[in-house]
$ cat coords34.cif   # mmCIF, C-alpha atoms
data_entry
loop_
_atom_site.label_atom_id
_atom_site.label_comp_id
_atom_site.auth_asym_id
_atom_site.auth_seq_id
_atom_site.Cartn_x
_atom_site.Cartn_y
_atom_site.Cartn_z
CA MET A 1 3.44 -11.23 18.83
CA LEU A 2 0.31 -10.60 20.90
CA ALA A 3 -0.74 -14.22 20.36
CA LEU A 4 2.70 -15.31 21.57
CA ALA A 5 2.40 -13.02 24.58
CA ALA A 6 -0.96 -14.61 25.41
CA LEU A 7 0.49 -18.13 25.16
CA GLU A 8 3.52 -17.27 27.30
CA ASN A 9 1.48 -15.05 29.66
CA TRP A 10 3.96 -12.19 29.14
CA TYR A 11 3.70 -8.77 30.69
CA ILE A 12 3.02 -6.02 28.10
CA THR A 13 3.58 -2.29 28.47
CA GLY A 14 3.42 0.54 25.94
CA LEU A 15 4.63 4.04 25.17
CA ASN A 16 4.38 6.72 22.53
CA VAL A 17 7.37 8.67 21.21
CA TRP A 18 6.78 12.37 20.57
CA SER A 19 7.74 13.85 17.15
CA THR A 20 9.57 10.72 16.01
CA TYR A 21 10.57 11.85 12.52
CA LEU A 22 12.33 14.94 13.89
CA TYR A 23 14.90 12.65 15.52
CA GLY A 24 15.97 11.16 12.19
CA LYS A 25 19.43 12.20 10.99
CA LEU A 26 19.79 12.83 7.28
CA ASP A 27 22.61 11.42 5.14
CA GLU A 28 21.61 13.47 2.10
CA GLU A 29 22.05 17.20 1.56
CA ILE A 30 18.49 18.58 1.49
CA TYR A 31 17.31 22.19 1.36
CA MET A 32 13.92 23.74 1.98
CA GLU A 33 12.37 27.15 1.57
CA GLN A 34 12.04 29.27 4.67
CA PRO A 35 8.65 28.67 6.34
CA GLU A 36 6.06 31.37 5.83
CA GLY A 37 6.18 33.84 8.72
CA PHE A 38 9.71 32.78 9.75
CA ALA A 39 11.71 34.17 6.84
CA VAL A 40 14.74 36.29 7.81
CA PRO A 41 14.09 39.93 6.76
CA GLY A 42 16.18 40.86 3.75
CA GLN A 43 17.14 37.19 3.10
CA GLU A 44 13.80 35.83 1.95
CA ARG A 45 15.34 34.24 -1.16
CA LYS A 46 17.75 32.08 0.84
CA VAL A 47 16.96 28.44 1.68
CA LEU A 48 17.55 26.31 4.80
CA CYS A 49 19.80 23.26 4.94
CA LEU A 50 18.15 20.43 6.90
CA TRP A 51 20.13 18.61 9.59
CA CYS A 52 17.27 16.31 10.64
CA ALA A 53 14.23 14.84 8.95
CA LEU A 54 10.87 16.57 8.79
CA TYR A 55 7.38 15.16 8.41
CA GLY A 56 6.62 14.91 4.71
CA LEU A 57 10.14 13.95 3.59
CA LYS A 58 10.36 10.65 1.70
CA GLN A 59 13.46 9.78 3.74
CA ALA A 60 11.85 10.58 7.11
CA GLY A 61 10.68 7.05 7.92
CA LEU A 62 14.00 5.40 7.06
CA ALA A 63 15.99 8.12 8.83
CA TRP A 64 13.97 7.57 12.02
CA TRP A 65 14.37 3.79 11.83
CA ARG A 66 18.15 4.09 11.47
CA THR A 67 18.33 6.44 14.45
CA LEU A 68 16.05 4.14 16.44
CA ASN A 69 18.10 1.08 15.53
CA GLU A 70 21.34 2.70 16.68
CA SER A 71 19.68 3.76 19.92
CA LEU A 72 18.39 0.25 20.63
CA LYS A 73 21.81 -1.22 19.87
CA GLU A 74 23.16 0.86 22.75
CA LEU A 75 20.59 -0.89 24.94
CA ARG A 76 21.85 -4.21 23.49
CA PHE A 77 18.75 -4.91 21.47
CA GLU A 78 18.97 -6.73 18.15
CA CYS A 79 16.64 -6.19 15.23
CA LEU A 80 15.03 -9.27 13.75
CA LYS A 81 16.13 -10.01 10.21
CA SER A 82 12.63 -11.30 9.49
CA GLU A 83 10.83 -8.14 10.65
CA ALA A 84 12.39 -4.68 10.86
CA GLY A 85 9.87 -3.46 13.43
CA ILE A 86 10.63 -6.10 16.09
CA PHE A 87 13.64 -5.90 18.40
CA TYR A 88 14.70 -8.33 21.12
CA LYS A 89 17.12 -8.45 24.01
CA LYS A 90 18.15 -11.46 26.05
CA LYS A 91 19.19 -10.93 29.65
CA GLY A 92 20.07 -14.21 31.31
CA THR A 93 17.02 -16.45 31.07
CA ASN A 94 14.79 -13.46 30.34
CA ILE A 95 13.87 -12.01 26.98
CA VAL A 96 12.42 -8.59 26.25
CA ILE A 97 10.74 -7.93 22.90
CA GLY A 98 10.11 -4.46 21.49
CA ILE A 99 7.43 -3.97 18.84
CA ILE A 100 7.81 -0.52 17.31
CA TYR A 101 5.78 1.04 14.51
CA VAL A 102 6.85 4.66 13.89
CA ASP A 103 5.92 6.34 17.20
CA ASP A 104 3.95 3.51 18.86
CA ALA A 105 5.88 0.94 20.88
CA LEU A 106 5.11 -2.13 22.98
CA PHE A 107 7.60 -3.92 25.22
CA CYS A 108 6.81 -7.40 26.48
CA GLY A 109 8.50 -10.23 28.32
CA PRO A 110 8.07 -12.78 31.11
CA ASN A 111 9.64 -10.61 33.85
CA LYS A 112 7.77 -7.38 34.63
CA ALA A 113 10.66 -5.77 36.53
CA VAL A 114 13.12 -6.41 33.69
CA VAL A 115 10.70 -5.12 31.04
CA ASP A 116 9.93 -1.95 33.01
CA ALA A 117 13.65 -1.29 33.63
CA ILE A 118 14.48 -1.52 29.92
CA LYS A 119 11.47 0.59 29.02
CA ALA A 120 12.70 3.27 31.46
CA GLN A 121 16.12 3.25 29.76
CA PHE A 122 14.42 3.71 26.39
CA MET A 123 12.32 6.61 27.71
CA ARG A 124 15.44 8.41 28.94
CA LYS A 125 16.71 8.53 25.35
CA TRP A 126 13.53 9.93 23.80
CA GLU A 127 10.73 12.20 24.87
CA CYS A 128 7.90 9.71 25.43
CA ARG A 129 4.45 9.32 26.90
CA ASP A 130 4.14 6.30 29.18
CA LEU A 131 0.98 4.34 28.35
CA GLY A 132 1.39 1.68 31.03
CA GLU A 133 -0.44 -1.53 30.19
CA PRO A 134 -1.67 -0.68 26.68
CA ASN A 135 -5.33 -0.29 25.83
CA GLU A 136 -4.68 0.56 22.17
CA PHE A 137 -2.08 -0.07 19.48
CA LEU A 138 -2.40 1.16 15.88
CA GLN A 139 -6.10 1.95 16.43
CA MET A 140 -6.70 -1.57 17.73
CA GLN A 141 -8.11 -1.83 21.24
CA ILE A 142 -6.34 -4.36 23.47
CA THR A 143 -8.20 -5.99 26.35
CA ARG A 144 -6.59 -8.57 28.58
CA LYS A 145 -8.81 -11.07 30.42
CA GLY A 146 -6.78 -13.62 32.33
CA HIS A 147 -4.66 -15.56 29.83
CA ALA A 148 -6.64 -14.24 26.86
CA ILE A 149 -5.95 -11.12 24.78
CA HIS A 150 -8.88 -9.53 22.90
CA LEU A 151 -8.29 -7.26 19.90
CA ASP A 152 -10.95 -5.09 18.31
CA GLN A 153 -11.35 -1.94 16.21
CA CYS A 154 -14.75 -0.85 17.51
CA THR A 155 -13.80 2.83 17.83
CA TYR A 156 -12.32 3.01 14.32
CA LEU A 157 -15.29 1.08 12.91
CA GLN A 158 -17.71 3.54 14.48
CA LYS A 159 -15.92 6.41 12.73
CA VAL A 160 -16.05 4.62 9.37
CA VAL A 161 -19.76 3.86 9.68
CA GLU A 162 -20.49 7.44 10.76
CA ARG A 163 -18.48 8.85 7.84
CA CYS A 164 -20.53 6.70 5.46
CA GLY A 165 -23.79 7.94 6.97
CA MET A 166 -24.81 4.40 7.99
CA LEU A 167 -25.31 4.81 11.73
CA ASN A 168 -29.02 3.97 11.60
CA ALA A 169 -28.82 1.43 8.79
CA LYS A 170 -30.28 -2.05 9.13
CA SER A 171 -27.66 -4.75 9.74
CA ALA A 172 -26.89 -7.60 7.31
CA SER A 173 -25.99 -11.19 8.16
CA THR A 174 -23.15 -11.55 5.60
CA PRO A 175 -20.67 -9.08 4.06
CA LEU A 176 -22.17 -9.54 0.57
CA PRO A 177 -25.53 -10.78 -0.75
CA ALA A 178 -25.49 -14.50 -1.53
CA GLY A 179 -24.34 -15.22 -5.08
CA TYR A 180 -23.19 -11.65 -5.77
CA TYR A 181 -20.41 -11.12 -8.32
CA ALA A 182 -18.89 -7.67 -8.94
CA ALA A 183 -18.94 -7.13 -12.70
CA LYS A 184 -16.41 -4.89 -14.41
CA ASN A 185 -17.55 -1.37 -15.30
CA THR A 186 -17.21 -0.56 -18.99
CA GLU A 187 -18.47 3.03 -18.72
CA PRO A 188 -16.15 6.09 -18.46
CA VAL A 189 -14.74 6.90 -15.02
CA ASP A 190 -16.98 8.98 -12.76
CA VAL A 191 -14.44 11.08 -10.84
CA GLU A 192 -16.69 11.81 -7.86
CA LEU A 193 -17.82 8.18 -7.56
CA HIS A 194 -14.23 7.02 -7.95
CA SER A 195 -13.01 9.22 -5.09
CA ARG A 196 -15.88 8.28 -2.76
CA PHE A 197 -15.48 4.56 -3.45
CA GLN A 198 -11.72 4.56 -2.83
CA THR A 199 -12.14 6.45 0.46
CA VAL A 200 -14.57 3.90 1.88
CA ILE A 201 -12.86 0.79 0.52
CA GLY A 202 -9.51 2.03 1.91
CA SER A 203 -11.05 2.36 5.38
CA LEU A 204 -12.49 -1.15 5.13
CA LEU A 205 -9.12 -2.52 4.01
CA TYR A 206 -7.53 -1.25 7.22
CA LEU A 207 -10.26 -2.97 9.24
CA MET A 208 -9.80 -6.18 7.28
CA LEU A 209 -6.02 -6.21 7.73
CA GLY A 210 -6.25 -5.44 11.44
CA THR A 211 -8.89 -7.60 13.08
CA ARG A 212 -11.59 -8.47 10.53
CA PRO A 213 -10.75 -11.60 8.51
CA ASP A 214 -14.48 -12.19 8.10
CA ILE A 215 -14.73 -9.36 5.53
CA ALA A 216 -11.50 -10.23 3.71
CA PHE A 217 -13.12 -11.78 0.63
CA ALA A 218 -15.78 -9.08 0.27
CA VAL A 219 -13.32 -6.19 0.59
CA THR A 220 -10.65 -7.62 -1.74
CA HIS A 221 -13.29 -8.66 -4.28
CA LEU A 222 -14.66 -5.12 -4.52
CA SER A 223 -11.25 -3.42 -4.29
CA HIS A 224 -10.35 -4.85 -7.72
CA HIS A 225 -12.77 -2.29 -9.18
CA ALA A 226 -11.29 0.74 -7.41
CA VAL A 227 -9.91 2.16 -10.67
CA ASN A 228 -13.31 2.44 -12.35
CA PRO A 229 -16.23 1.58 -10.06
CA SER A 230 -19.83 1.47 -11.22
CA GLN A 231 -22.71 2.67 -9.05
CA ASP A 232 -23.28 -0.94 -7.98
CA HIS A 233 -19.83 -1.21 -6.35
CA PRO A 234 -20.26 1.60 -3.75
CA ASN A 235 -23.69 0.17 -2.94
CA LYS A 236 -22.12 -3.17 -2.10
CA VAL A 237 -19.41 -1.46 -0.05
CA LEU A 238 -22.21 0.06 2.01
CA TYR A 239 -23.66 -3.45 2.29
CA ILE A 240 -20.39 -4.48 3.98
CA CYS A 241 -20.90 -1.56 6.36
CA ARG A 242 -24.35 -2.93 7.17
CA TYR A 243 -22.74 -6.25 8.10
CA LEU A 244 -20.18 -4.45 10.24
CA ILE A 245 -22.94 -2.59 12.09
CA GLY A 246 -24.39 -5.91 13.21
CA THR A 247 -20.98 -7.24 14.28
CA SER A 248 -19.42 -4.04 15.59
CA THR A 249 -18.65 -5.49 19.05
CA TYR A 250 -16.63 -8.39 17.64
CA SER A 251 -13.14 -9.14 18.93
CA LEU A 252 -10.29 -11.36 17.76
CA VAL A 253 -9.23 -13.48 20.72
CA TYR A 254 -5.90 -15.16 21.50
CA ASN A 255 -6.52 -17.72 24.19
CA GLY A 256 -3.23 -18.30 25.99
CA GLY A 257 -4.80 -20.92 28.25
CA SER A 258 -5.54 -23.16 25.26
CA GLY A 259 -1.87 -23.96 24.64
CA ALA A 260 -2.74 -24.20 20.92
CA GLY A 261 0.26 -24.10 18.62
CA LEU A 262 0.76 -22.89 15.06
CA ILE A 263 -1.44 -24.30 12.31
CA ALA A 264 -2.22 -23.14 8.77
CA CYS A 265 -5.11 -23.76 6.41
CA THR A 266 -5.50 -22.97 2.71
CA ASP A 267 -8.02 -23.11 -0.10
CA SER A 268 -8.68 -21.78 -3.59
CA ASP A 269 -11.75 -21.21 -5.74
CA TRP A 270 -10.81 -22.31 -9.23
CA GLY A 271 -12.36 -20.39 -12.10
CA SER A 272 -14.32 -18.14 -9.77
CA ASP A 273 -13.80 -15.09 -12.00
CA PRO A 274 -15.63 -15.63 -15.32
CA THR A 275 -14.02 -12.50 -16.76
CA SER A 276 -10.31 -13.17 -16.23
CA CYS A 277 -10.46 -16.92 -15.33
CA LEU A 278 -8.04 -16.23 -12.47
CA LEU A 279 -8.46 -18.17 -9.24
CA GLN A 280 -9.26 -16.75 -5.82
CA THR A 281 -6.89 -18.05 -3.17
CA GLY A 282 -6.89 -17.72 0.59
CA PHE A 283 -5.02 -18.99 3.60
CA TYR A 284 -4.62 -18.26 7.29
CA LEU A 285 -2.24 -19.02 10.14
CA MET A 286 -3.60 -19.58 13.62
CA LEU A 287 -1.86 -19.41 17.00
CA ALA A 288 -3.44 -19.58 20.45
CA ASP A 289 -6.79 -20.35 18.79
CA GLY A 290 -6.81 -16.99 16.95
CA LEU A 291 -5.75 -15.86 13.48
CA ILE A 292 -2.37 -14.15 13.29
CA SER A 293 -2.14 -13.87 9.50
CA TRP A 294 -4.67 -14.19 6.70
CA THR A 295 -4.83 -13.51 2.97
CA SER A 296 -7.58 -13.42 0.37
CA CYS A 297 -6.42 -12.49 -3.12
CA VAL A 298 -6.59 -13.27 -6.82
CA GLN A 299 -3.67 -15.24 -8.22
CA LYS A 300 -1.76 -13.70 -11.11
CA THR A 301 -1.42 -17.01 -12.96
CA ILE A 302 -4.24 -18.97 -14.61
CA ALA A 303 -4.55 -22.56 -13.38
CA TYR A 304 -5.72 -25.19 -15.90
CA LEU A 305 -7.06 -27.58 -13.26
CA SER A 306 -8.48 -27.27 -9.76
CA THR A 307 -5.54 -29.38 -8.51
CA GLU A 308 -3.10 -26.80 -9.87
CA ALA A 309 -5.08 -24.02 -8.21
CA GLU A 310 -4.90 -25.78 -4.84
CA TYR A 311 -1.19 -26.51 -5.39
CA MET A 312 -0.52 -22.80 -5.93
CA ALA A 313 -2.51 -21.96 -2.80
CA LEU A 314 -0.47 -24.48 -0.77
CA SER A 315 2.74 -22.88 -2.03
CA ASN A 316 1.64 -19.35 -1.13
CA CYS A 317 0.68 -20.51 2.35
CA ALA A 318 4.05 -22.27 2.75
CA HIS A 319 5.83 -18.97 1.95
CA GLN A 320 4.07 -17.27 4.86
CA VAL A 321 4.72 -20.24 7.14
CA THR A 322 8.42 -20.06 6.25
CA TRP A 323 8.51 -16.40 7.29
CA ILE A 324 6.77 -17.13 10.60
CA ARG A 325 9.21 -19.99 11.26
CA SER A 326 12.12 -17.65 10.60
CA LEU A 327 10.70 -14.96 12.89
CA LEU A 328 10.06 -17.34 15.78
CA GLY A 329 13.40 -19.05 15.18
CA GLU A 330 15.23 -15.75 15.73
CA LEU A 331 13.45 -15.57 19.09
CA SER A 332 14.93 -19.01 19.97
CA TYR A 333 11.74 -21.02 19.43
CA LYS A 334 12.44 -24.47 18.00
CA LEU A 335 9.48 -25.56 15.90
CA LYS A 336 8.53 -28.92 14.52
CA ALA A 337 6.89 -29.25 11.12
CA ILE A 338 3.98 -26.79 10.93
CA PRO A 339 0.75 -28.44 9.73
CA ILE A 340 -0.91 -27.01 6.62
CA CYS A 341 -4.42 -28.24 5.86
CA GLY A 342 -5.83 -28.35 2.33
CA ASP A 343 -8.96 -29.87 0.80
CA ASN A 344 -7.48 -31.33 -2.40
CA GLN A 345 -5.77 -34.73 -2.32
CA GLY A 346 -4.13 -34.24 -5.72
CA SER A 347 -2.34 -31.02 -4.75
CA ILE A 348 -1.12 -32.59 -1.48
CA PHE A 349 0.24 -35.59 -3.41
CA MET A 350 1.97 -33.29 -5.93
CA ALA A 351 3.62 -31.24 -3.20
CA SER A 352 4.73 -34.33 -1.26
CA ASN A 353 6.00 -36.37 -4.23
CA PHE A 354 7.40 -33.82 -6.69
CA PRO A 355 8.51 -34.51 -9.45
CA VAL A 356 6.55 -37.79 -9.68
CA MET A 357 3.74 -35.98 -11.50
CA GLU A 358 6.03 -33.91 -13.71
CA PRO A 359 3.92 -34.22 -16.90
CA ARG A 360 1.03 -32.55 -15.06
CA SER A 361 3.09 -29.97 -13.20
CA LYS A 362 6.00 -28.95 -15.44
CA HIS A 363 4.05 -26.01 -16.91
CA ILE A 364 3.30 -24.51 -13.46
CA ASP A 365 5.32 -21.38 -12.70
CA ILE A 366 8.55 -22.50 -11.03
CA ARG A 367 8.06 -20.24 -8.01
CA TYR A 368 5.13 -22.37 -6.86
CA HIS A 369 7.35 -25.45 -6.50
CA GLY A 370 8.84 -23.98 -3.31
CA ILE A 371 6.24 -25.99 -1.38
CA HIS A 372 8.15 -29.18 -2.23
CA GLU A 373 11.33 -27.84 -0.60
CA SER A 374 9.40 -26.89 2.53
CA VAL A 375 7.97 -30.42 2.76
CA THR A 376 11.35 -32.08 2.09
CA LYS A 377 13.11 -30.04 4.78
CA GLY A 378 10.40 -30.88 7.30
CA ASN A 379 9.35 -27.26 7.73
CA VAL A 380 5.72 -28.06 6.94
CA GLU A 381 3.52 -31.14 6.99
CA LEU A 382 0.49 -31.40 4.73
CA PHE A 383 -2.87 -32.73 5.87
CA PHE A 384 -6.19 -33.27 4.11
CA ILE A 385 -9.36 -31.61 5.37
CA ASP A 386 -12.80 -32.19 3.91
CA GLY A 387 -13.89 -29.30 1.69
CA ALA A 388 -17.19 -28.93 3.53
CA GLU A 389 -15.26 -28.43 6.78
CA ASN A 390 -12.54 -26.08 5.49
CA PRO A 391 -12.87 -22.66 7.22
CA THR A 392 -10.70 -21.04 4.51
CA ASP A 393 -13.78 -21.14 2.26
CA LEU A 394 -14.70 -17.91 4.01
CA LEU A 395 -11.64 -16.25 2.44
CA THR A 396 -12.23 -17.47 -1.11
CA LYS A 397 -15.99 -17.49 -1.70
CA ASN A 398 -19.13 -15.48 -1.13
CA LEU A 399 -20.76 -17.96 1.24
CA PRO A 400 -24.43 -18.21 2.24
CA CYS A 401 -25.36 -17.10 5.74
CA LYS A 402 -25.40 -20.48 7.53
CA LYS A 403 -22.04 -21.66 6.19
CA PHE A 404 -20.47 -18.24 6.68
CA ALA A 405 -21.50 -18.14 10.36
CA LYS A 406 -20.18 -21.69 10.88
CA PHE A 407 -16.70 -20.91 9.56
CA ARG A 408 -16.52 -17.47 11.16
CA ALA A 409 -16.88 -19.09 14.58
CA GLN A 410 -13.79 -21.24 13.88
CA LEU A 411 -11.40 -18.32 13.27
CA GLY A 412 -10.98 -17.09 16.83
CA LEU A 413 -13.71 -14.46 16.51
CA GLN A 414 -15.90 -13.88 19.53
CA PHE A 415 -19.11 -11.89 19.65
CA PRO A 416 -20.99 -10.85 22.78
CA SER A 417 -24.58 -12.03 23.12
CA GLY A 418 -26.93 -10.15 20.85
CA SER A 419 -24.58 -10.09 17.84
CA ILE A 420 -25.29 -11.90 14.61
#
$ encode --input "coords34.cif" --output "C-alpha cells"
Amino acid sequence: MLALAALENWYITGLNVWSTYLYGKLDEEIYMEQPEGFAVPGQERKVLCLWCALYGLKQAGLAWWRTLNESLKELRFECLKSEAGIFYKKKGTNIVIGIIYVDDALFCGPNKAVVDAIKAQFMRKWECRDLGEPNEFLQMQITRKGHAIHLDQCTYLQKVVERCGMLNAKSASTPLPAGYYAAKNTEPVDVELHSRFQTVIGSLLYLMLGTRPDIAFAVTHLSHHAVNPSQDHPNKVLYICRYLIGTSTYSLVYNGGSGAGLIACTDSDWGSDPTSCLLQTGFYLMLADGLISWTSCVQKTIAYLSTEAEYMALSNCAHQVTWIRSLLGELSYKLKAIPICGDNQGSIFMASNFPVMEPRSKHIDIRYHGIHESVTKGNVELFFIDGAENPTDLLTKNLPCKKFAKFRAQLGLQFPSGSI
C-alpha cells in the first residue's frame, strides 16, 4: 500500500489506539481468577466473569477486529475480502484507505482534508494518539522524499546487533560465505544453543520479512535447522549480522515518480539440497521500482527435472500475483495482464500450452497447474529472462559477492555512500 501511495502521491497520516484488546467484546462466557491484590475480602475463592477481552486471551485479537470492523462500518468503510487489515471508503471521486494492524493505523488518500476529517471521526470513537505524518509503522521507519517513500529498520537492526554482541564486529560483503551449505546436525539437541539460535534467527526473520529481501535466502536456509542447530549454525547467523552491520543504513525505496507498474520475477534452484533433494524457489513482486512481496523457501515436492522446478516456481508466483490482482481490484484498479519473468523456456512453454506436454507434466501435483488458468484468463503474461540476468537468483542461491551486489541493486534497495 505504501508503494501505491508513492505512485499516486497520496497523503498519509497515522495514529495509535490505546489498549486495543480491552475494547473487544466477548461472545464466549469466560471466567478468570481475581487478580492478586484486588481480591474481595472474604470472597477470595470466587471468580470474575469477563465482559471484554484482556491481553493474553486467545480470542483477544479476533474480538478486537470484530469490534473495529463494526466501528468502521458506521463510518461507511468496507473491509477488503483479500486482506482483513485494509479498509476503504469512497466519497465521491475520493478514496480513503485505512491500514490497521492491532493498535497501529495509517490512513491515506489523495485528498488531505478528506483523510484528516475521517481520521478525526475515527479518533472520536477510540482513545488514540495522533502521530501526524508517520515516521514509523510496525518498527519500520518511513521517510518521504518528494514522490519517493523510503522504508528501513535501522533502529530495530541496531537492537538486534547489540543483543548479539556484534556492535564492533567487522562487516561482511555477503550474508553467507561463498559456497556455504548448512549441513543437518545429527548430534543430540543442545538446549542452550537451541534457545539462543532461535532467538537470533527469529529477529532476523522479522527484518527479512519487513525490508530486507537481500538476506531472505540466508535466513530461510539457516532457519530450517532451528529444531536442532549445530555450533556452526549460530556462527553463520552471526555472519549474517556482520553483513547487516555493513548495510545497516539501507532503505527500501518506492519511487512514485518512476510510474513503474507491477511486475513479477521467479526462479528456482533445482537439486540445491543434497540431503532432501528438494528445490529452493523464490519470487518477488515489484511496484514503483521497489519490492512489495518476496519469498524464498524450499518446495515440499521433489521435482524430477529443472523444467518442473521452474514450472512449480511460476505457479507459486502466479498465486501471489492473483492475490495482488484481487486486492487492487477491490480498490477499483483495472489491471492488464501482469508480467511474470522466468529463466526457463520449457516451463514457460508448459504453462502457456498445457496440456500439450501432458506426458511430461501429468505427474506434477495438480495444484501447480493453476498457472495455466492464470495465463488463459489473461491475468498474467509470461516472459523469458536470461538466467545470468535474473535478479531472483539472490533469493534462491548463495551467490558470490560480485553477482550478489549486482542483483541487490536491482531490487529497489538504496544505500548511502560508504555502504557496501
$ resolve_selection --input "coords34.cif" --expression "the PyMOL selection byres ((chain A and resi 106) around 10)" --output "MDAnalysis selection string"
chainID A and resid 2 12:16 86 97:101 104:105 107:108 119 131:134 137
$ atom_distance --input "coords34.cif" --atom1 "CA of Ile149 (chain A)" --atom2 "CA of Ala409 (chain A)"
16.9 Å
$ atom_distance --input "coords34.cif" --atom1 "CA of Gly412 (chain A)" --atom2 "CA of Thr392 (chain A)"
12.9 Å
$ residues_around --input "coords34.cif" --residues "Leu314 (chain A)" --least-positions-apart "3" --cutoff "8 Å" --atoms "only C-alpha atoms" --output "number ranges by chain"
A: 266-267, 310-311, 317-318, 340, 342, 347, 371
$ write_last_selection --input "coords34.cif" --atoms "C-alpha atoms" --output "PDB file, keeping the file's coordinate frame"
ATOM      1  CA  THR A 266      -5.500 -22.970   2.710  1.00  0.00           C
ATOM      2  CA  ASP A 267      -8.020 -23.110  -0.100  1.00  0.00           C
ATOM      3  CA  GLU A 310      -4.900 -25.780  -4.840  1.00  0.00           C
ATOM      4  CA  TYR A 311      -1.190 -26.510  -5.390  1.00  0.00           C
ATOM      5  CA  CYS A 317       0.680 -20.510   2.350  1.00  0.00           C
ATOM      6  CA  ALA A 318       4.050 -22.270   2.750  1.00  0.00           C
ATOM      7  CA  ILE A 340      -0.910 -27.010   6.620  1.00  0.00           C
ATOM      8  CA  GLY A 342      -5.830 -28.350   2.330  1.00  0.00           C
ATOM      9  CA  SER A 347      -2.340 -31.020  -4.750  1.00  0.00           C
ATOM     10  CA  ILE A 371       6.240 -25.990  -1.380  1.00  0.00           C
TER      11      ILE A 371
END
$ closest_residue --input "coords34.cif" --among "A:Cys164, A:Ser352, A:Leu157, A:Pro391" --to "Thr376 (chain A)" --atoms "all atoms listed in the file"
A:Ser352
$ resolve_selection --input "coords34.cif" --expression "the PyMOL selection byres ((chain A and resi 161) around 12)" --output "PyMOL selection string"
chain A and resi 154-160+162-169+171+200-201+203-204+207+237-246+248
$ resolve_selection --input "coords34.cif" --expression "the PyMOL selection byres ((chain A and resi 336) around 9)" --output "PDB file with C-alpha atoms, keeping the file's coordinate frame"
ATOM      1  CA  LYS A 334      12.440 -24.470  18.000  1.00  0.00           C
ATOM      2  CA  LEU A 335       9.480 -25.560  15.900  1.00  0.00           C
ATOM      3  CA  ALA A 337       6.890 -29.250  11.120  1.00  0.00           C
ATOM      4  CA  ILE A 338       3.980 -26.790  10.930  1.00  0.00           C
ATOM      5  CA  GLY A 378      10.400 -30.880   7.300  1.00  0.00           C
ATOM      6  CA  ASN A 379       9.350 -27.260   7.730  1.00  0.00           C
ATOM      7  CA  VAL A 380       5.720 -28.060   6.940  1.00  0.00           C
TER       8      VAL A 380
END
$ residues_around --input "coords34.cif" --residues "Gln410 (chain A)" --least-positions-apart "2" --cutoff "10 Å" --atoms "all atoms listed in the file" --output "list of chain:residue names"
A:Asp289, A:Gly290, A:Leu291, A:Asn390, A:Pro391, A:Thr392, A:Ala405, A:Lys406, A:Phe407, A:Arg408, A:Gly412, A:Leu413, A:Gln414
$ residues_near_point --input "coords34.cif" --point "(-4.4, -25.1, 22.8)" --cutoff "9 Å" --atoms "all atoms listed in the file" --output "PDB file with C-alpha atoms, in the frame of the given file"
ATOM      1  CA  LEU A   7       0.490 -18.130  25.160  1.00  0.00           C
ATOM      2  CA  ASN A 255      -6.520 -17.720  24.190  1.00  0.00           C
ATOM      3  CA  GLY A 256      -3.230 -18.300  25.990  1.00  0.00           C
ATOM      4  CA  GLY A 257      -4.800 -20.920  28.250  1.00  0.00           C
ATOM      5  CA  SER A 258      -5.540 -23.160  25.260  1.00  0.00           C
ATOM      6  CA  GLY A 259      -1.870 -23.960  24.640  1.00  0.00           C
ATOM      7  CA  ALA A 260      -2.740 -24.200  20.920  1.00  0.00           C
ATOM      8  CA  GLY A 261       0.260 -24.100  18.620  1.00  0.00           C
ATOM      9  CA  LEU A 287      -1.860 -19.410  17.000  1.00  0.00           C
ATOM     10  CA  ALA A 288      -3.440 -19.580  20.450  1.00  0.00           C
ATOM     11  CA  ASP A 289      -6.790 -20.350  18.790  1.00  0.00           C
TER      12      ASP A 289
END
$ atom_distance --input "coords34.cif" --atom1 "CA of His233 (chain A)" --atom2 "CA of Ala183 (chain A)"
8.7 Å
$ residues_around --input "coords34.cif" --residues "Ala226 (chain A)" --least-positions-apart "2" --cutoff "8 Å" --atoms "all atoms listed in the file" --output "PyMOL selection string"
chain A and resi 194+197-198+222-224+228-229
$ residues_near_point --input "coords34.cif" --point "(-23.4, -22.7, 4.1)" --cutoff "12 Å" --atoms "all atoms listed in the file" --output "JSON, numbers by chain"
{"A": [174, 178, 179, 387, 388, 389, 390, 391, 393, 394, 397, 398, 399, 400, 401, 402, 403, 404, 405, 406, 407, 408]}
$ write_last_selection --input "coords34.cif" --atoms "C-alpha atoms" --output "CSV table (one decimal), in the frame of the given file"
chain,number,residue,atom,x,y,z
A,174,THR,CA,-23.2,-11.6,5.6
A,178,ALA,CA,-25.5,-14.5,-1.5
A,179,GLY,CA,-24.3,-15.2,-5.1
A,387,GLY,CA,-13.9,-29.3,1.7
A,388,ALA,CA,-17.2,-28.9,3.5
A,389,GLU,CA,-15.3,-28.4,6.8
A,390,ASN,CA,-12.5,-26.1,5.5
A,391,PRO,CA,-12.9,-22.7,7.2
A,393,ASP,CA,-13.8,-21.1,2.3
A,394,LEU,CA,-14.7,-17.9,4.0
A,397,LYS,CA,-16.0,-17.5,-1.7
A,398,ASN,CA,-19.1,-15.5,-1.1
A,399,LEU,CA,-20.8,-18.0,1.2
A,400,PRO,CA,-24.4,-18.2,2.2
A,401,CYS,CA,-25.4,-17.1,5.7
A,402,LYS,CA,-25.4,-20.5,7.5
A,403,LYS,CA,-22.0,-21.7,6.2
A,404,PHE,CA,-20.5,-18.2,6.7
A,405,ALA,CA,-21.5,-18.1,10.4
A,406,LYS,CA,-20.2,-21.7,10.9
A,407,PHE,CA,-16.7,-20.9,9.6
A,408,ARG,CA,-16.5,-17.5,11.2
